[in-house]
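Enquirer: Supplied structure: protein05.cif, mmCIF, C-alpha atoms.
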data_work
loop_
_atom_site.label_atom_id
_atom_site.label_comp_id
_atom_site.auth_asym_id
_atom_site.auth_seq_id
_atom_site.Cartn_x
_atom_site.Cartn_y
_atom_site.Cartn_z
CA MET A 1 20.71 39.95 66.93
CA GLY A 2 18.62 38.15 69.50
CA LEU A 3 15.87 35.61 69.13
CA ARG A 4 12.72 34.69 71.01
CA VAL A 5 11.61 31.23 70.01
CA PRO A 6 7.91 30.34 70.01
CA GLU A 7 7.79 26.58 69.82
CA ASN A 8 9.17 23.16 70.64
CA CYS A 9 11.91 21.97 68.33
CA PHE A 10 15.56 21.08 68.39
CA MET A 11 19.09 22.27 67.56
CA ASP A 12 22.38 20.62 68.39
CA LYS A 13 25.59 22.51 67.99
CA ASN A 14 28.72 20.96 66.65
CA ARG A 15 28.62 17.27 66.13
CA ALA A 16 32.01 17.32 64.43
CA ILE A 17 32.84 14.83 61.68
CA LEU A 18 35.70 13.25 63.54
CA ASN A 19 37.01 9.83 64.34
CA ARG A 20 34.99 8.50 67.25
CA LYS A 21 37.24 7.79 70.25
CA ARG A 22 34.98 6.15 72.79
CA GLY A 23 35.29 3.67 75.63
CA LEU A 24 32.99 0.69 75.94
CA LEU A 25 30.11 2.75 77.24
CA GLY A 26 31.66 6.18 77.42
CA LEU A 27 32.77 9.00 75.14
CA ALA A 28 36.30 10.33 75.23
CA ALA A 29 36.83 14.00 74.53
CA ILE A 30 38.21 14.93 71.12
CA ALA A 31 40.15 18.17 71.04
CA ALA A 32 39.97 19.15 67.40
CA LEU A 33 36.69 20.08 65.71
CA ALA A 34 36.22 19.60 62.00
CA ILE A 35 32.65 20.72 61.39
CA THR A 36 30.91 23.11 63.70
CA MET A 37 27.32 22.64 64.69
CA ILE A 38 24.24 20.74 64.06
CA GLY A 39 20.85 22.34 63.87
CA THR A 40 17.44 20.91 63.76
CA GLY A 41 14.07 21.96 64.81
CA CYS A 42 13.65 25.61 65.54
CA GLY A 43 14.96 27.89 68.14
CA GLY A 44 17.21 30.68 69.15
CA GLY A 45 18.68 32.84 71.80
CA GLY A 46 19.41 36.30 73.03
CA GLY A 47 17.29 38.91 74.73
CA ASP A 48 16.08 38.79 78.31
CA ALA A 49 12.67 37.69 79.57
CA THR A 50 11.11 41.12 79.23
CA THR A 51 12.81 42.56 76.19
CA GLY A 52 13.54 39.66 73.87
CA THR A 53 14.02 40.87 70.35
CA THR A 54 12.62 39.37 67.22
CA SER A 55 14.81 37.98 64.51
CA THR A 56 15.55 39.76 61.28
CA THR A 57 15.52 38.38 57.77
CA SER A 58 18.86 38.12 56.03
CA THR A 59 19.62 37.93 52.37
CA THR A 60 18.97 34.72 50.54
CA SER A 61 21.78 32.24 49.94
CA THR A 62 24.26 33.26 47.29
CA THR A 63 24.72 29.63 46.27
CA ALA A 64 22.60 28.72 43.29
CA THR A 65 20.09 25.96 43.89
CA THR A 66 21.38 22.75 42.38
CA SER A 67 19.42 19.59 41.68
CA THR A 68 20.66 16.12 40.91
CA THR A 69 18.62 12.98 40.34
CA ALA A 70 20.29 9.61 40.78
CA THR A 71 19.21 5.99 40.61
CA THR A 72 15.82 4.92 41.84
CA SER A 73 16.60 1.44 43.09
CA THR A 74 15.87 0.51 46.69
CA THR A 75 17.98 -1.64 48.96
CA ALA A 76 16.39 -3.12 52.04
CA THR A 77 17.73 -5.50 54.64
CA THR A 78 16.00 -7.13 57.53
CA SER A 79 17.14 -6.83 61.13
CA THR A 80 18.15 -10.12 62.68
CA THR A 81 18.58 -8.86 66.20
CA ALA A 82 16.08 -10.18 68.68
CA THR A 83 14.21 -7.46 70.50
CA THR A 84 12.91 -7.34 74.00
CA SER A 85 9.84 -5.91 75.67
CA THR A 86 7.19 -4.14 73.63
CA THR A 87 7.53 -2.72 70.16
CA ALA A 88 6.82 0.86 69.29
CA THR A 89 3.37 2.06 68.41
CA THR A 90 2.39 4.79 66.00
CA SER A 91 1.76 8.09 67.72
CA THR A 92 -1.08 10.44 66.97
CA THR A 93 0.01 13.62 65.25
CA SER A 94 -1.21 16.74 66.96
CA THR A 95 -3.47 18.90 64.86
CA THR A 96 -2.61 22.02 66.83
CA ALA A 97 -0.84 24.43 64.53
CA GLY A 98 2.35 25.96 65.81
CA THR A 99 3.76 29.42 65.31
CA LEU A 100 6.73 28.44 63.18
CA PRO A 101 6.88 28.93 59.42
CA PRO A 102 5.05 25.94 57.91
CA ASN A 103 6.75 23.48 55.56
CA VAL A 104 10.27 24.88 55.78
CA ILE A 105 13.59 23.20 56.52
CA PHE A 106 15.58 24.53 59.46
CA TYR A 107 19.35 24.24 59.59
CA THR A 108 22.25 26.07 61.25
CA VAL A 109 25.32 28.01 60.17
CA PRO A 110 28.21 28.08 62.65
CA GLY A 111 30.13 31.06 63.89
CA LEU A 112 32.84 31.68 66.47
CA THR A 113 30.62 33.73 68.79
CA GLU A 114 27.11 32.74 67.75
CA THR A 115 25.09 30.34 65.64
CA ASP A 116 22.83 31.54 62.84
CA PHE A 117 19.60 29.55 62.81
CA ARG A 118 18.04 29.57 59.33
CA HIS A 119 15.24 28.06 57.29
CA ILE A 120 14.78 27.41 53.59
CA ASN A 121 11.84 26.31 51.42
CA PRO A 122 11.79 22.73 50.07
CA ASP A 123 12.46 24.08 46.56
CA GLY A 124 15.59 25.93 47.72
CA THR A 125 14.08 29.43 47.72
CA GLY A 126 13.51 31.77 50.64
CA ASP A 127 16.72 31.13 52.59
CA THR A 128 16.11 33.24 55.70
CA SER A 129 17.72 33.86 59.10
CA PHE A 130 15.44 33.00 62.03
CA GLY A 131 17.83 34.38 64.64
CA THR A 132 21.08 33.75 66.48
CA ILE A 133 22.14 31.94 69.64
CA PRO A 134 25.24 32.76 71.73
CA ALA A 135 28.16 30.34 71.87
CA ASN A 136 27.83 29.56 75.60
CA VAL A 137 24.40 28.00 75.04
CA ALA A 138 24.66 24.25 74.40
CA ALA A 139 21.03 23.41 73.68
CA VAL A 140 17.57 24.96 73.42
CA GLY A 141 14.29 23.10 73.79
CA LEU A 142 11.19 24.91 72.60
CA ASN A 143 7.77 24.53 74.15
CA ALA A 144 4.96 23.60 71.77
CA GLU A 145 2.32 24.09 74.45
CA VAL A 146 3.35 27.47 75.86
CA ALA A 147 4.78 29.96 73.39
CA ASN A 148 8.03 31.68 74.42
CA ARG A 149 8.57 29.31 77.35
CA LEU A 150 11.98 27.93 76.44
CA VAL A 151 14.25 25.46 78.16
CA PHE A 152 17.97 25.86 77.48
CA ALA A 153 21.38 24.69 78.70
CA GLN A 154 23.91 27.44 79.32
CA ARG A 155 27.17 27.99 81.16
CA ALA A 156 28.69 31.17 82.52
CA ASP A 157 32.09 30.74 80.85
CA GLU A 158 34.33 28.12 79.27
CA THR A 159 35.46 26.73 82.63
CA SER A 160 31.93 26.38 84.05
CA GLN A 161 29.45 23.52 83.85
CA TYR A 162 26.10 23.70 82.10
CA GLY A 163 22.86 24.17 83.99
CA ILE A 164 19.35 23.87 82.57
CA TYR A 165 17.02 26.86 82.73
CA ARG A 166 13.56 28.03 81.70
CA ASN A 167 12.74 31.50 80.46
CA SER A 168 10.75 33.38 77.84
CA SER A 169 13.97 33.92 75.88
CA VAL A 170 17.43 32.40 75.83
CA SER A 171 18.78 34.50 78.69
CA MET A 172 19.94 33.89 82.26
CA THR A 173 18.29 37.15 83.29
CA GLY A 174 15.13 36.24 85.23
CA ALA A 175 15.48 32.56 84.32
CA THR A 176 14.13 29.70 86.47
CA THR A 177 16.75 27.06 87.27
CA LEU A 178 15.56 23.54 86.49
CA VAL A 179 18.90 21.81 87.07
CA ALA A 180 21.84 23.61 88.69
CA PRO A 181 25.16 23.65 86.79
CA THR A 182 26.07 19.97 86.69
CA TYR A 183 27.06 18.87 83.21
CA ASP A 184 30.13 19.08 81.04
CA PHE A 185 27.78 19.20 78.09
CA VAL A 186 24.07 18.94 77.25
CA SER A 187 22.54 17.79 73.97
CA SER A 188 19.28 16.46 72.47
CA LEU A 189 17.32 18.85 74.71
CA GLN A 190 13.61 18.65 73.95
CA VAL A 191 10.39 19.74 75.66
CA SER A 192 7.53 17.25 75.58
CA SER A 193 4.55 18.12 73.40
CA ASP A 194 2.39 18.75 76.50
CA GLY A 195 4.99 21.18 77.84
CA GLN A 196 5.42 19.31 81.13
CA PHE A 197 8.86 17.70 80.83
CA ALA A 198 12.29 18.30 79.32
CA TYR A 199 14.40 15.43 77.96
CA TYR A 200 18.14 15.70 77.35
CA VAL A 201 21.49 13.91 77.18
CA GLY A 202 23.74 15.16 79.97
CA THR A 203 27.49 14.51 79.98
CA LYS A 204 29.45 14.15 83.20
CA GLY A 205 33.03 13.12 82.47
CA THR A 206 32.79 9.94 80.37
CA VAL A 207 29.15 9.29 81.26
CA ASP A 208 26.49 10.31 78.73
CA ALA A 209 23.05 9.63 80.22
CA LEU A 210 19.50 10.33 79.05
CA TYR A 211 17.45 12.34 81.57
CA LYS A 212 13.93 13.63 82.11
CA VAL A 213 13.09 16.58 84.36
CA SER A 214 9.90 18.46 85.18
CA ILE A 215 9.43 21.79 83.47
CA ASN A 216 9.17 23.20 87.01
CA GLY A 217 12.54 21.78 88.04
CA GLY A 218 13.49 19.13 90.56
CA THR A 219 15.68 16.03 90.56
CA PRO A 220 16.29 14.69 87.04
CA VAL A 221 15.13 11.12 86.39
CA THR A 222 17.66 8.88 84.63
CA LEU A 223 16.07 7.04 81.70
CA VAL A 224 19.26 5.52 80.24
CA GLY A 225 22.38 5.39 82.38
CA ASN A 226 25.26 5.77 79.92
CA GLY A 227 26.51 5.71 76.37
CA VAL A 228 23.72 7.79 74.81
CA LEU A 229 24.70 9.68 71.68
CA SER A 230 21.42 11.29 70.64
CA ALA A 231 17.70 10.98 71.29
CA HIS A 232 14.32 12.09 69.96
CA VAL A 233 10.83 11.99 71.51
CA ASN A 234 7.84 11.42 69.23
CA GLN A 235 5.18 14.08 68.88
CA ALA A 236 2.71 12.12 71.00
CA GLY A 237 5.25 12.26 73.81
CA ASN A 238 5.03 8.56 74.70
CA ARG A 239 8.05 7.04 72.91
CA ILE A 240 11.72 7.95 72.69
CA VAL A 241 14.28 6.65 70.20
CA TYR A 242 17.96 6.92 71.03
CA SER A 243 21.40 5.83 69.87
CA GLN A 244 23.54 4.08 72.47
CA ILE A 245 27.11 2.80 72.29
CA GLN A 246 27.45 -0.97 72.42
CA SER A 247 30.31 -3.27 73.43
CA ASN A 248 31.91 -2.94 69.98
CA ASN A 249 32.15 0.83 70.46
CA ARG A 250 29.38 1.47 67.94
CA GLY A 251 25.96 3.07 68.24
CA ALA A 252 22.74 1.05 67.98
CA LEU A 253 19.18 2.39 68.00
CA PHE A 254 16.71 1.59 70.78
CA ILE A 255 13.11 2.64 71.38
CA ALA A 256 11.35 2.83 74.74
CA GLY A 257 8.65 4.57 76.71
CA VAL A 258 9.42 7.88 78.37
CA ASN A 259 9.24 6.76 82.00
CA GLN A 260 11.96 5.39 84.24
CA GLY A 261 12.02 1.60 84.13
CA ASP A 262 10.40 1.29 80.69
CA VAL A 263 12.13 -1.58 78.90
CA ALA A 264 13.81 -0.70 75.61
CA THR A 265 13.56 -2.58 72.33
CA GLN A 266 16.67 -2.71 70.15
CA LEU A 267 15.98 -1.63 66.59
CA THR A 268 19.36 -1.97 64.88
CA GLU A 269 22.00 -4.63 65.27
CA PHE A 270 25.77 -4.34 65.28
CA LEU A 271 27.54 -6.83 63.05
CA GLY A 272 31.06 -8.27 63.00
CA THR A 273 34.14 -7.16 64.90
CA GLU A 274 33.88 -3.52 63.95
CA GLY A 275 30.11 -3.32 63.63
CA PHE A 276 28.10 -0.50 62.12
CA ASP A 277 26.93 2.78 63.57
CA ALA A 278 23.35 4.06 63.72
CA ASP A 279 22.83 7.61 64.89
CA TYR A 280 20.80 10.82 64.46
CA PRO A 281 17.39 9.13 64.77
CA GLN A 282 14.26 11.21 64.20
CA PHE A 283 10.60 10.17 64.16
CA SER A 284 8.24 11.02 61.34
CA LYS A 285 5.51 13.47 62.26
CA ASP A 286 3.02 10.65 62.95
CA GLY A 287 5.63 8.56 64.78
CA SER A 288 5.34 5.57 62.45
CA ARG A 289 8.79 5.86 60.83
CA ILE A 290 12.34 6.64 61.92
CA VAL A 291 15.07 8.11 59.74
CA PHE A 292 18.69 7.69 60.83
CA SER A 293 22.28 7.84 59.57
CA SER A 294 24.34 4.65 59.34
CA ASN A 295 27.25 2.89 57.67
CA ARG A 296 25.39 -0.39 58.16
CA LEU A 297 26.49 -2.01 54.90
CA GLY A 298 30.14 -1.49 55.76
CA THR A 299 30.40 1.72 53.76
CA VAL A 300 33.07 4.26 54.60
CA THR A 301 30.52 7.05 54.73
CA TYR A 302 27.16 7.35 56.47
CA ASP A 303 23.99 7.13 54.39
CA LEU A 304 20.35 7.77 55.28
CA TRP A 305 18.06 4.87 56.17
CA THR A 306 14.48 4.56 57.35
CA MET A 307 12.56 1.90 59.20
CA SER A 308 9.26 1.37 60.99
CA SER A 309 9.29 2.57 64.59
CA GLY A 310 8.00 -0.90 65.42
CA GLY A 311 11.16 -2.50 63.99
CA GLY A 312 11.66 -4.68 60.93
CA ALA A 313 13.22 -4.03 57.53
CA PHE A 314 15.56 -1.15 56.81
CA THR A 315 15.16 0.95 53.65
CA ARG A 316 18.15 2.77 52.24
CA LEU A 317 17.52 6.32 51.00
CA THR A 318 20.96 7.46 49.88
CA ASN A 319 24.13 5.94 48.47
CA THR A 320 26.91 8.50 48.19
CA PRO A 321 30.42 7.06 48.67
CA ASN A 322 32.01 10.49 49.05
CA ALA A 323 29.60 12.10 51.54
CA ASP A 324 28.28 11.64 55.06
CA GLU A 325 24.53 12.31 55.10
CA LEU A 326 23.33 13.30 58.53
CA GLY A 327 20.42 14.74 60.46
CA GLY A 328 17.54 13.51 58.33
CA SER A 329 14.06 14.94 58.93
CA PHE A 330 10.73 13.90 57.36
CA ASN A 331 8.25 16.26 55.77
CA SER A 332 4.61 16.07 56.89
CA ASP A 333 3.61 13.00 54.84
CA ALA A 334 7.03 11.29 55.09
CA SER A 335 7.41 11.31 51.28
CA GLN A 336 10.65 13.29 51.48
CA VAL A 337 13.54 13.78 53.89
CA SER A 338 15.84 16.76 54.36
CA PHE A 339 19.44 16.27 55.48
CA VAL A 340 22.94 17.70 55.59
CA ALA A 341 25.65 16.31 53.30
CA ILE A 342 29.30 16.65 54.31
CA ASP A 343 31.09 15.84 51.05
CA VAL A 344 34.74 15.17 50.21
CA ASP A 345 34.08 17.66 47.42
CA SER A 346 33.28 20.62 49.63
CA THR A 347 31.37 22.33 46.81
CA GLN A 348 28.71 19.62 47.26
CA SER A 349 28.34 20.04 51.04
CA GLY A 350 25.19 21.68 52.35
CA VAL A 351 21.45 21.18 52.83
CA TRP A 352 19.72 18.60 50.62
CA ARG A 353 16.47 16.70 50.29
CA THR A 354 15.53 13.36 48.76
CA ASP A 355 12.41 11.26 48.18
CA THR A 356 11.73 8.25 50.42
CA SER A 357 10.58 6.04 47.53
CA GLY A 358 14.06 4.70 46.69
CA VAL A 359 17.80 5.32 46.70
CA ASN A 360 18.89 8.85 45.68
CA VAL A 361 15.47 9.54 44.16
CA ASN A 362 15.28 13.27 43.33
CA ARG A 363 18.27 13.95 45.57
CA THR A 364 18.39 17.74 45.34
CA ALA A 365 20.69 20.40 46.77
CA LEU A 366 18.83 23.26 48.45
CA ARG A 367 21.84 25.25 49.63
CA LEU A 368 25.46 24.33 48.98
CA THR A 369 27.83 25.61 51.67
CA THR A 370 30.71 24.29 53.74
CA ALA A 371 29.50 26.30 56.76
CA VAL A 372 26.61 24.12 57.84
CA GLY A 373 25.58 22.21 60.92
CA ASN A 374 25.05 18.46 60.94
CA SER A 375 21.26 18.25 61.01
CA THR A 376 17.96 19.62 59.76
CA TYR A 377 14.34 19.87 60.88
CA TRP A 378 11.45 20.00 58.39
CA THR A 379 8.42 21.69 59.93
CA SER A 380 4.94 20.35 59.33
CA THR A 381 2.39 22.03 57.09
CA GLY A 382 0.84 23.47 60.25
CA GLY A 383 4.14 24.89 61.44
CA ARG A 384 4.21 22.71 64.54
CA ALA A 385 7.65 21.35 65.36
CA PRO A 386 7.80 18.55 67.92
CA ARG A 387 11.57 18.56 68.35
CA GLY A 388 13.69 20.25 70.92
CA SER A 389 16.83 22.07 69.97
CA ASP A 390 20.32 20.74 70.24
CA LEU A 391 22.70 23.53 69.58
CA ARG A 392 25.99 22.07 70.50
CA LEU A 393 29.68 22.79 70.57
CA ASP A 394 30.78 19.23 70.93
CA GLN A 395 34.26 17.98 71.62
CA ARG A 396 33.34 14.34 71.65
CA ARG A 397 31.25 13.65 68.59
CA ARG A 398 31.33 12.11 65.58
CA LEU A 399 31.46 9.38 63.14
CA ARG A 400 34.36 6.97 62.93
CA HIS A 401 35.55 6.18 59.43
#
Have the structure of the file written as structure tokens, please.
Expert:
Amino acid sequence: MGLRVPENCFMDKNRAILNRKRGLLGLAAIAALAITMIGTGCGGGGGDATTGTTSTTSTTSTTATTSTTATTSTTATTSTTATTSTTATTSTTSTTAGTLPPNVIFYTVPGLTETDFRHINPDGTGDTSFGTIPANVAAVGLNAEVANRLVFAQRADETSQYGIYRNSSVSMTGATTLVAPTYDFVSSLQVSSDGQFAYYVGTKGTVDALYKVSINGGTPVTLVGNGVLSAHVNQAGNRIVYSQIQSNNRGALFIAGVNQGDVATQLTEFLGTEGFDADYPQFSKDGSRIVFSSNRLGTVTYDLWTMSSGGGAFTRLTNTPNADELGGSFNSDASQVSFVAIDVDSTQSGVWRTDTSGVNVNRTALRLTTAVGNSTYWTSTGGRAPRGSDLRLDQRRRLRH
């Protein structure tokens, strides 16, 4: 089954839950993969530029919807790290409706030869396949401005490097080359909301840099030179939040403008000898909040946290000692967040949602499955999705326990 994708969103394949083996500002390859795939946003592959096929609807999940409500207390701590340059500003949410299903949660299901990109309603009903993407595609960025004008990273075979291409479907046939095959891997690929630029993390050996390139191709501009784990551009297209490895071999969040030379502001600190990770950042639809995954209180597992995009206090959303909670995504009014839980008890792994008013408030399972990617994307009520797609088979990711 092929897929033509109409809009700008994001999927990232295979951020495995593995021990993180990284140099000071580099990422070392990890051979074994524990969890395949992360999906967020919207997107897909298959079909050439002239004959792209539409996706079909599969049967709904066989796993019964399960709901659990936990404590409603809130834990908040205040960042003590001094920041530099300017702080983030709230972006203006576009009122242009997209062509994606409105108010649904996208996630991915891994496979050996392809990835199934799916969406589910916030109440756990309507679990539907949106389409599939072939395994040799690392990332897909969807264009919110021009329907069916996709940007994707693909390689010819397992020994080749990834190039970045533009086409009306995820296909090399008739595609325009934006960046020739250069990278060992590509992730966090996203098209700006005006459709003019693509942003991505490109890996060359041990260097993981954040780049920006024109939708028409040309020389990529380096925004951050190394150590970038993941990134997300706000819907207004003027701010980018990213996780970058620090001297203690841990990820911290930074926010900056989207142009070369823009000075970044550090949002999260790293504490002590080991420090704490912060990763998987994603803006709220209006750009005022950021949700991310972190073990910032010294926990073994990674919980969900939120904070203002201008910095300040951190608010904890989940507290689950036996599960990593990853890939959070806000709904339209930021009252709830969807996410993926990877639980020690595999029967509790899958796609979940929780309220943002406290810790584990209305934490509810939408689909329980061990075959799930590491992220989600919750579309707005208008169906517009400002993320790119990071569909990634990743040998170098994940969290260090």
Enquirer: Go through A:Gly382, A:Gly124, A:Pro102, A:Gly327 one by one, measure the shortest atom-to-atom distance of each to A:Asp279 using only C-alpha atoms, and give the residue with the smallest value.
Expert: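 Checking each of A:Gly382, A:Gly124, A:Pro102, A:Gly327 against A:Asp279, counting only C-alpha atoms, the winner is A:Gly327.
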Enquirer: What does the structure give for the distance between atom CA of A:Val228 and atom CA of A:Ala264, in Å to one decimal?
Expert: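 Result for atom CA of A:Val228 versus atom CA of A:Ala264: 13.1 Å, one decimal.
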Enquirer: Would you mind reading off the distance between atom CA of A:Thr176 and atom CA of A:Gly261, one decimal, in Å?
Expert: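 According to the coordinates, atom CA of A:Thr176 and atom CA of A:Gly261 are separated by 28.3 Å.
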Enquirer: Which value, in Å to one decimal, gives the distance between atom CA of A:Leu253 and atom CA of A:Ala138?
Expert: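 Calculated distance between atom CA of A:Leu253 and atom CA of A:Ala138 is 23.4 Å.
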Enquirer: Which residue gives the smallest distance to A:Ser294 among A:Ala313, A:Asn322, A:Ser308, A:Arg250, with only C-alpha atoms counted?
Expert: A:Arg250
Enquirer: Give me the residues near A:Ser284 as an MDAnalysis selection string, where near means some atom within 12 Å (using all atoms listed in the file) and where sequence neighbours in that chain fewer than 3 positions away do not count.
Expert: chainID A and resid 90:93 232:236 241 281 287:292 306:309 328:338 356 377:380 385:387
Enquirer: Mind writing the picked residues with C-alpha atoms as a short mmCIF file (atom, residue, chain, number, x, y, z; two decimals), keeping the file's coordinate frame?
Expert:
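Output below, filename selection-v7.cif:
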data_model
loop_
_atom_site.label_atom_id
_atom_site.label_comp_id
_atom_site.auth_asym_id
_atom_site.auth_seq_id
_atom_site.Cartn_x
_atom_site.Cartn_y
_atom_site.Cartn_z
CA THR A 90 2.39 4.79 66.00
CA SER A 91 1.76 8.09 67.72
CA THR A 92 -1.08 10.44 66.97
CA THR A 93 0.01 13.62 65.25
CA HIS A 232 14.32 12.09 69.96
CA VAL A 233 10.83 11.99 71.51
CA ASN A 234 7.84 11.42 69.23
CA GLN A 235 5.18 14.08 68.88
CA ALA A 236 2.71 12.12 71.00
CA VAL A 241 14.28 6.65 70.20
CA PRO A 281 17.39 9.13 64.77
CA GLY A 287 5.63 8.56 64.78
CA SER A 288 5.34 5.57 62.45
CA ARG A 289 8.79 5.86 60.83
CA ILE A 290 12.34 6.64 61.92
CA VAL A 291 15.07 8.11 59.74
CA PHE A 292 18.69 7.69 60.83
CA THR A 306 14.48 4.56 57.35
CA MET A 307 12.56 1.90 59.20
CA SER A 308 9.26 1.37 60.99
CA SER A 309 9.29 2.57 64.59
CA GLY A 328 17.54 13.51 58.33
CA SER A 329 14.06 14.94 58.93
CA PHE A 330 10.73 13.90 57.36
CA ASN A 331 8.25 16.26 55.77
CA SER A 332 4.61 16.07 56.89
CA ASP A 333 3.61 13.00 54.84
CA ALA A 334 7.03 11.29 55.09
CA SER A 335 7.41 11.31 51.28
CA GLN A 336 10.65 13.29 51.48
CA VAL A 337 13.54 13.78 53.89
CA SER A 338 15.84 16.76 54.36
CA THR A 356 11.73 8.25 50.42
CA TYR A 377 14.34 19.87 60.88
CA TRP A 378 11.45 20.00 58.39
CA THR A 379 8.42 21.69 59.93
CA SER A 380 4.94 20.35 59.33
CA ALA A 385 7.65 21.35 65.36
CA PRO A 386 7.80 18.55 67.92
CA ARG A 387 11.57 18.56 68.35
#
Enquirer: Residues within 8 Å of stretch 199-203 of chain A, please, as a ChimeraX atom specification. Count all atoms listed in the file; anything in the same chain fewer than 5 positions from it doesn't count.
Expert: /A:183-192,208-213,228-231
Enquirer: Have a look at A:Ala365, A:Val263, A:Ile245, A:Leu326 and name the one nearest to A:Gln282; count only C-alpha atoms.
Expert: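 Closest residue, counting only C-alpha atoms: A:Leu326.
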Enquirer: Between A:Ile120, A:Ile255, A:Ala156, A:Ile215, single out the one closest to A:Gly311, counting all atoms listed in the file.
Expert: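 Between A:Ile120, A:Ile255, A:Ala156, A:Ile215, the residue approaching A:Gly311 most closely is A:Ile255.
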Enquirer: Under the rule that all atoms listed in the file are counted, which of A:Thr347, A:Tyr280, A:Thr113, A:Asp324 is the nearest residue to A:Thr301?
Expert: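 The answer is A:Asp324, which sits nearest to A:Thr301.
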Enquirer: Of the residues A:Gly257, A:Gly225, A:Pro110, A:Gly218, which is the one nearest to A:Val372, using all atoms listed in the file?
Expert: A:Pro110
Enquirer: As lines of an AutoDock Vina configuration file, please report the centre and edge lengths, rounded to one decimal in Å, of the axis-aligned box that holds all listed atoms of stretch 363-368 of chain A with 5 Å of padding on each of the six sides.
Expert:
center_x = 21.9
center_y = 19.6
center_z = 47.5
size_x = 17.2
size_y = 21.3
size_z = 14.3
